[in-house]
$ cat coords_19.tsv   # TSV, C-alpha atoms
chain	number	residue	atom	x	y	z
A	1	MET	CA	44.22	157.47	156.04
A	2	ARG	CA	47.96	157.39	155.35
A	3	GLU	CA	48.22	160.99	156.53
A	4	LYS	CA	46.05	160.36	159.57
A	5	ILE	CA	48.30	157.49	160.69
A	6	LYS	CA	51.43	159.58	160.27
A	7	GLN	CA	49.96	162.62	162.03
A	8	LYS	CA	48.86	160.58	165.03
A	9	LEU	CA	52.25	158.89	165.37
A	10	VAL	CA	54.06	162.23	165.10
A	11	GLU	CA	51.77	163.67	167.77
A	12	VAL	CA	52.59	160.85	170.19
A	13	PHE	CA	56.28	160.34	169.43
A	14	SER	CA	57.18	164.02	169.60
A	15	GLU	CA	56.26	164.06	173.32
A	16	PHE	CA	59.06	161.67	174.29
A	17	GLU	CA	62.59	162.99	174.74
A	18	GLU	CA	63.87	159.41	174.28
A	19	ILE	CA	62.61	159.45	170.69
A	20	LEU	CA	65.18	161.25	168.58
A	21	GLY	CA	63.89	160.99	165.04
A	22	PHE	CA	60.90	159.90	163.00
A	23	PHE	CA	60.68	159.76	159.22
A	24	GLU	CA	59.11	158.06	156.22
A	25	GLY	CA	61.18	156.13	153.69
A	26	GLY	CA	60.33	153.59	151.02
A	27	SER	CA	58.49	154.77	147.93
A	28	ALA	CA	57.71	158.13	149.54
A	29	ALA	CA	61.45	158.89	149.66
A	30	PHE	CA	61.42	158.72	145.86
A	31	ASP	CA	58.12	160.61	145.50
A	32	ARG	CA	56.39	157.63	143.94
A	33	ALA	CA	54.03	156.39	146.67
A	34	ASP	CA	50.68	155.28	145.27
A	35	GLU	CA	47.48	153.63	146.49
A	36	TRP	CA	49.24	150.24	146.76
A	37	SER	CA	52.32	151.43	148.62
A	38	ASP	CA	53.30	150.32	152.09
A	39	LEU	CA	53.73	152.95	154.75
A	40	ASP	CA	57.47	152.72	155.50
A	41	LEU	CA	58.10	154.43	158.84
A	42	GLN	CA	61.35	154.59	160.79
A	43	LEU	CA	62.01	155.64	164.34
A	44	VAL	CA	65.33	156.51	166.00
A	45	VAL	CA	65.41	156.16	169.79
A	46	LYS	CA	67.88	156.27	172.62
A	47	ASP	CA	69.44	152.85	173.02
A	48	ASP	CA	67.70	151.98	176.30
A	49	PHE	CA	64.27	152.98	174.94
A	50	ALA	CA	64.07	150.56	172.01
A	51	GLU	CA	61.96	147.94	173.78
A	52	GLN	CA	59.61	150.53	175.28
A	53	ALA	CA	58.96	152.00	171.85
A	54	VAL	CA	57.20	148.84	170.63
A	55	PRO	CA	54.16	148.93	172.98
A	56	LEU	CA	54.01	152.70	172.46
A	57	LEU	CA	53.77	152.14	168.72
A	58	GLU	CA	51.14	149.42	169.03
A	59	ASP	CA	48.99	151.36	171.49
A	60	THR	CA	49.04	154.35	169.14
A	61	LEU	CA	48.06	152.22	166.14
A	62	GLU	CA	45.23	150.68	168.17
A	63	SER	CA	43.94	154.18	168.93
A	64	ILE	CA	43.56	154.70	165.17
A	65	ALA	CA	42.06	151.30	164.31
A	66	PRO	CA	42.30	147.79	165.74
A	67	ILE	CA	45.37	145.85	164.64
A	68	GLU	CA	44.05	143.16	162.32
A	69	ASP	CA	47.34	141.36	161.84
A	70	LYS	CA	51.02	141.81	162.60
A	71	PHE	CA	54.32	140.14	161.85
A	72	ILE	CA	57.44	140.89	163.89
A	73	LEU	CA	60.74	139.84	162.34
A	74	PRO	CA	62.53	137.26	164.52
A	75	LYS	CA	65.71	138.43	166.18
A	76	PRO	CA	68.43	138.86	165.19
A	77	THR	CA	67.19	140.60	162.05
A	78	TRP	CA	69.45	140.77	158.99
A	79	HIS	CA	69.89	144.53	159.47
A	80	GLY	CA	70.16	144.49	163.27
A	81	HIS	CA	67.09	146.67	163.94
A	82	TRP	CA	63.64	145.85	165.31
A	83	GLN	CA	61.11	145.59	162.47
A	84	GLY	CA	57.40	144.87	162.47
A	85	PHE	CA	54.60	144.86	159.90
A	86	TYR	CA	51.02	145.85	160.76
A	87	ARG	CA	47.67	145.81	159.01
A	88	LEU	CA	44.77	147.73	160.57
A	89	GLU	CA	41.11	146.75	160.40
A	90	SER	CA	38.81	148.39	157.83
A	91	LEU	CA	41.72	149.88	155.89
A	92	SER	CA	43.03	148.92	152.48
A	93	PRO	CA	44.71	145.48	152.66
A	94	TYR	CA	47.60	147.04	150.72
A	95	LEU	CA	48.23	149.63	153.42
A	96	VAL	CA	50.77	147.62	155.41
A	97	ILE	CA	52.69	149.64	157.99
A	98	ASP	CA	56.34	148.62	157.77
A	99	PHE	CA	57.91	149.96	160.96
A	100	LEU	CA	61.61	150.05	161.84
A	101	ILE	CA	62.97	151.01	165.27
A	102	MET	CA	66.66	151.91	165.33
A	103	LYS	CA	68.92	152.68	168.26
A	104	GLU	CA	70.76	156.00	168.36
A	105	SER	CA	74.11	154.18	168.25
A	106	SER	CA	73.26	152.32	165.03
A	107	PRO	CA	75.95	152.86	162.37
A	108	SER	CA	73.28	153.47	159.73
A	109	TYR	CA	69.73	154.82	159.87
A	110	PHE	CA	68.96	153.50	156.39
A	111	THR	CA	69.02	157.00	154.93
A	112	GLU	CA	71.96	156.70	152.54
A	113	THR	CA	70.42	158.79	149.79
A	114	GLU	CA	72.04	156.82	146.96
A	115	LEU	CA	70.20	153.71	148.20
A	116	HIS	CA	67.05	154.92	149.90
A	117	GLY	CA	66.18	158.28	148.38
A	118	ILE	CA	65.34	161.45	150.33
A	119	PRO	CA	63.41	160.62	153.53
A	120	LYS	CA	60.35	162.59	154.55
A	121	ILE	CA	61.47	163.81	157.97
A	122	PHE	CA	58.86	164.52	160.64
A	123	PHE	CA	61.47	165.48	163.23
A	124	ASP	CA	65.18	164.84	163.73
A	125	LYS	CA	67.23	165.51	166.86
A	126	THR	CA	70.20	163.50	165.58
A	127	GLY	CA	71.21	165.66	162.63
A	128	ARG	CA	71.96	162.45	160.71
A	129	ILE	CA	68.71	161.58	159.00
A	130	GLY	CA	68.88	162.20	155.27
A	131	ARG	CA	72.54	163.20	155.48
A	132	GLU	CA	74.05	159.73	155.26
A	133	HIS	CA	75.87	158.43	152.21
A	134	ILE	CA	77.30	155.13	151.09
A	135	ASP	CA	80.96	154.38	151.70
A	136	GLN	CA	82.51	154.88	148.27
A	137	GLU	CA	85.76	153.19	149.25
A	138	GLU	CA	83.88	150.12	150.43
A	139	LEU	CA	81.87	150.09	147.20
A	140	GLN	CA	85.07	150.16	145.16
A	141	GLN	CA	86.18	147.05	147.02
A	142	VAL	CA	82.86	145.20	146.80
A	143	ILE	CA	82.11	145.70	143.10
A	144	PRO	CA	85.24	144.03	141.67
A	145	ASN	CA	84.67	141.04	143.96
A	146	ARG	CA	81.07	140.72	142.79
A	147	VAL	CA	82.18	140.85	139.17
A	148	LYS	CA	84.89	138.29	139.90
A	149	ARG	CA	82.18	136.01	141.30
A	150	ILE	CA	80.12	136.35	138.12
A	151	VAL	CA	83.20	135.65	136.00
A	152	GLY	CA	83.53	132.36	137.90
A	153	ILE	CA	79.85	131.54	137.42
A	154	SER	CA	79.99	132.22	133.69
A	155	LYS	CA	83.03	129.98	133.25
A	156	MET	CA	81.99	127.10	135.49
A	157	PHE	CA	78.19	126.98	135.18
A	158	TYR	CA	77.46	128.23	131.65
A	159	ASN	CA	75.85	124.85	130.79
A	160	ILE	CA	74.15	124.05	134.09
A	161	VAL	CA	70.64	124.90	132.84
A	162	ASP	CA	71.20	122.85	129.68
A	163	LYS	CA	72.33	119.92	131.83
A	164	GLU	CA	69.14	119.94	133.90
A	165	ILE	CA	66.99	120.23	130.79
A	166	LYS	CA	68.72	117.16	129.33
A	167	ARG	CA	67.98	115.32	132.57
A	168	ASN	CA	64.35	116.42	132.26
A	169	ARG	CA	64.62	118.14	135.64
A	170	ILE	CA	62.70	121.15	134.45
A	171	ILE	CA	62.01	122.68	137.86
A	172	ASP	CA	65.74	122.51	138.64
A	173	ALA	CA	66.53	124.07	135.28
A	174	VAL	CA	64.07	126.94	135.77
A	175	ASP	CA	65.29	127.58	139.31
A	176	LEU	CA	68.94	127.71	138.20
A	177	TYR	CA	68.06	129.98	135.29
A	178	TYR	CA	66.29	132.49	137.51
A	179	ASN	CA	68.43	132.37	140.63
A	180	LEU	CA	71.91	131.84	139.21
A	181	ILE	CA	72.11	132.84	135.55
A	182	LEU	CA	69.50	135.58	135.19
A	183	ARG	CA	70.21	137.01	138.64
A	184	SER	CA	73.90	137.32	137.70
A	185	TYR	CA	72.91	139.22	134.57
A	186	VAL	CA	70.68	141.56	136.56
A	187	GLU	CA	73.50	142.21	139.01
A	188	LEU	CA	75.90	143.11	136.20
A	189	LEU	CA	73.34	145.50	134.75
A	190	ARG	CA	72.94	147.16	138.12
A	191	ILE	CA	76.72	147.47	138.45
A	192	LYS	CA	76.81	149.15	135.05
A	193	TYR	CA	73.88	151.54	135.47
A	194	ASP	CA	73.45	152.01	139.24
A	195	PRO	CA	76.36	150.46	141.15
A	196	ALA	CA	75.29	151.83	144.53
A	197	ARG	CA	72.22	149.56	144.37
A	198	TRP	CA	74.06	146.51	143.02
A	199	SER	CA	72.55	144.29	145.74
A	200	PHE	CA	68.87	145.20	145.16
A	201	GLY	CA	68.28	142.26	142.83
A	202	CYS	CA	65.11	142.57	140.79
A	203	ARG	CA	63.48	145.12	143.08
A	204	TYR	CA	62.78	148.49	141.42
A	205	LEU	CA	64.47	147.52	138.17
A	206	GLY	CA	61.94	149.57	136.23
A	207	PHE	CA	63.25	152.69	137.96
A	208	ASP	CA	66.95	151.83	137.98
A	209	LEU	CA	67.57	150.61	134.42
A	210	PRO	CA	67.06	152.27	131.01
A	211	VAL	CA	63.61	151.49	129.60
A	212	ASP	CA	64.87	149.36	126.71
A	213	ILE	CA	67.08	147.27	129.00
A	214	TYR	CA	64.22	146.81	131.46
A	215	ASN	CA	61.88	145.68	128.70
A	216	GLU	CA	64.47	143.13	127.59
A	217	ILE	CA	64.75	141.82	131.16
A	218	GLN	CA	60.97	141.51	131.40
A	219	ASN	CA	60.92	139.35	128.30
A	220	LEU	CA	63.69	137.14	129.65
A	221	PHE	CA	61.65	136.46	132.77
A	222	TYR	CA	58.73	134.98	130.82
A	223	ILE	CA	59.36	131.30	130.03
A	224	GLN	CA	56.89	129.61	127.69
A	225	ASN	CA	58.32	126.08	127.53
A	226	THR	CA	61.54	124.08	127.72
A	227	GLU	CA	62.69	125.19	124.29
A	228	ASP	CA	62.13	128.82	125.24
A	229	LEU	CA	64.05	128.28	128.47
A	230	GLN	CA	67.05	126.93	126.59
A	231	LYS	CA	66.93	129.79	124.10
A	232	LYS	CA	66.70	132.50	126.75
A	233	ASN	CA	69.40	130.94	128.87
A	234	ASP	CA	71.73	131.08	125.87
A	235	ILE	CA	70.80	134.73	125.30
A	236	VAL	CA	71.51	135.64	128.91
A	237	MET	CA	74.88	133.89	128.90
A	238	LYS	CA	75.88	135.85	125.79
A	239	ARG	CA	74.74	139.08	127.42
A	240	ILE	CA	76.72	138.28	130.56
A	241	ASN	CA	79.91	137.65	128.62
A	242	LYS	CA	79.40	140.83	126.62
A	243	LEU	CA	78.97	142.89	129.77
A	244	LEU	CA	82.00	141.33	131.39
A	245	ARG	CA	84.13	142.28	128.42
A	246	GLU	CA	82.88	145.82	128.05
A	247	ASN	CA	82.45	146.74	131.68
A	248	LEU	CA	85.19	148.61	133.51
A	249	THR	CA	84.64	146.45	136.56
A	250	TYR	CA	85.71	143.44	134.51
A	251	ASN	CA	89.10	145.11	134.00
A	252	LEU	CA	89.28	145.80	137.72
A	253	CYS	CA	88.51	142.17	138.36
A	254	LYS	CA	91.29	141.05	136.00
A	255	GLN	CA	93.71	143.36	137.82
A	256	MET	CA	92.75	141.75	141.11
A	257	GLU	CA	93.33	138.29	139.67
A	258	GLU	CA	96.79	139.31	138.50
A	259	LEU	CA	97.65	140.68	141.94
A	260	SER	CA	96.36	137.61	143.82
$ encode --input "coords_19.tsv" --output "structure tokens"
Amino acid sequence: MREKIKQKLVEVFSEFEEILGFFEGGSAAFDRADEWSDLDLQLVVKDDFAEQAVPLLEDTLESIAPIEDKFILPKPTWHGHWQGFYRLESLSPYLVIDFLIMKESSPSYFTETELHGIPKIFFDKTGRIGREHIDQEELQQVIPNRVKRIVGISKMFYNIVDKEIKRNRIIDAVDLYYNLILRSYVELLRIKYDPARWSFGCRYLGFDLPVDIYNEIQNLFYIQNTEDLQKKNDIVMKRINKLLRENLTYNLCKQMEELS
């Protein structure tokens, strides 16, 4: 059914000169789509055709199977593009169609290969799809600032989880552990092993980190009780400080501090 959906959309979209590109991203761009994967589809259109493309998409989906449910991201979206999610009747509930409509003038088509893999291109009149790359100069500016932020967190909030445990505010302690302390550790690991995807958080960690490091992270995510939380928080803080001292970006951060 995945192929049938794509074939039908290609058949319809290719007839419109206002539609400039159509491709599949997501897990397919990394050749790891499976039976539980979304169908991540992206359309590039002339700027004045963006609104017309939505009913065209929905009518085409309806010709395949009735739309059982849909969710359209409220505007403005965080990325600036139109995005909607669709589930069709009688199909696998996991087969969600994640559809992005981008204007021709958009600065990025979400095909920076370092971030999004190699897109499966159905057609491309722009010459841009799959040929985009991240801005290395911008990355070299962002990374030291992110490390500097984590340096500040490690110095100022190293005992914040312990404080909430002592107050018996366990939910607060768990939330701070996951979203401040452990997330900072994950970000440092990404900076070390895959800096281009430093902002991806915990998504796809199993693909982006060495197996032994990933297994360690998995263990740190499982909290058995308050005592275990305290123990793992201490472990993570030690790991953070170790990474900050050994990582080149820490030295860059120190240089920035000296210049400021």
$ closest_residue --input "coords_19.tsv" --among "A:Ser63, A:Ser106, A:Thr113, A:Ser92" --to "Ala29 (chain A)" --atoms "only C-alpha atoms"
A:Thr113
$ axis_aligned_box --input "coords_19.tsv" --around "region 187-202 of chain A" --padding-each-side "4 Å" --output "JSON"
{"center_x": 71.0, "center_y": 147.1, "center_z": 140.2, "size_x": 19.7, "size_y": 17.8, "size_z": 19.0}
$ closest_atom_pairs --input "coords_19.tsv" --of "region 94-158 of chain A" --to "region 7-20 of chain A" --cutoff "9 Å" --atoms "all atoms listed in the file" --output "Markdown table"
| residue | atom | partner | partner_atom | distance |
| --- | --- | --- | --- | --- |
| A:Glu104 | CA | A:Leu20 | CA | 7.7 |
| A:Phe122 | CA | A:Val10 | CA | 6.9 |
| A:Phe123 | CA | A:Leu20 | CA | 7.8 |
| A:Asp124 | CA | A:Leu20 | CA | 6.0 |
| A:Lys125 | CA | A:Leu20 | CA | 5.0 |
| A:Thr126 | CA | A:Leu20 | CA | 6.3 |
$ closest_residue --input "coords_19.tsv" --among "A:Asp48, A:Asp228, A:Glu89, A:Asp172" --to "Ile67 (chain A)" --atoms "all atoms listed in the file"
A:Glu89
$ closest_residue --input "coords_19.tsv" --among "A:Pro66, A:Pro210, A:Gly152, A:Gly130" --to "Ile240 (chain A)" --atoms "all atoms listed in the file"
A:Gly152
$ closest_residue --input "coords_19.tsv" --among "A:Gly25, A:Gly80, A:Pro93, A:Gly201" --to "Ser105 (chain A)" --atoms "only C-alpha atoms"
A:Gly80
$ atom_distance --input "coords_19.tsv" --atom1 "CA of Gly84 (chain A)" --atom2 "CA of Phe99 (chain A)"
5.3 Å
$ residues_near_point --input "coords_19.tsv" --point "(39.4, 150.7, 159.5)" --cutoff "12 Å" --atoms "only C-alpha atoms" --output "count of residues only"
20
$ closest_residue --input "coords_19.tsv" --among "A:Phe85, A:Arg131, A:Val147, A:Tyr185" --to "Glu216 (chain A)" --atoms "all atoms listed in the file"
A:Tyr185
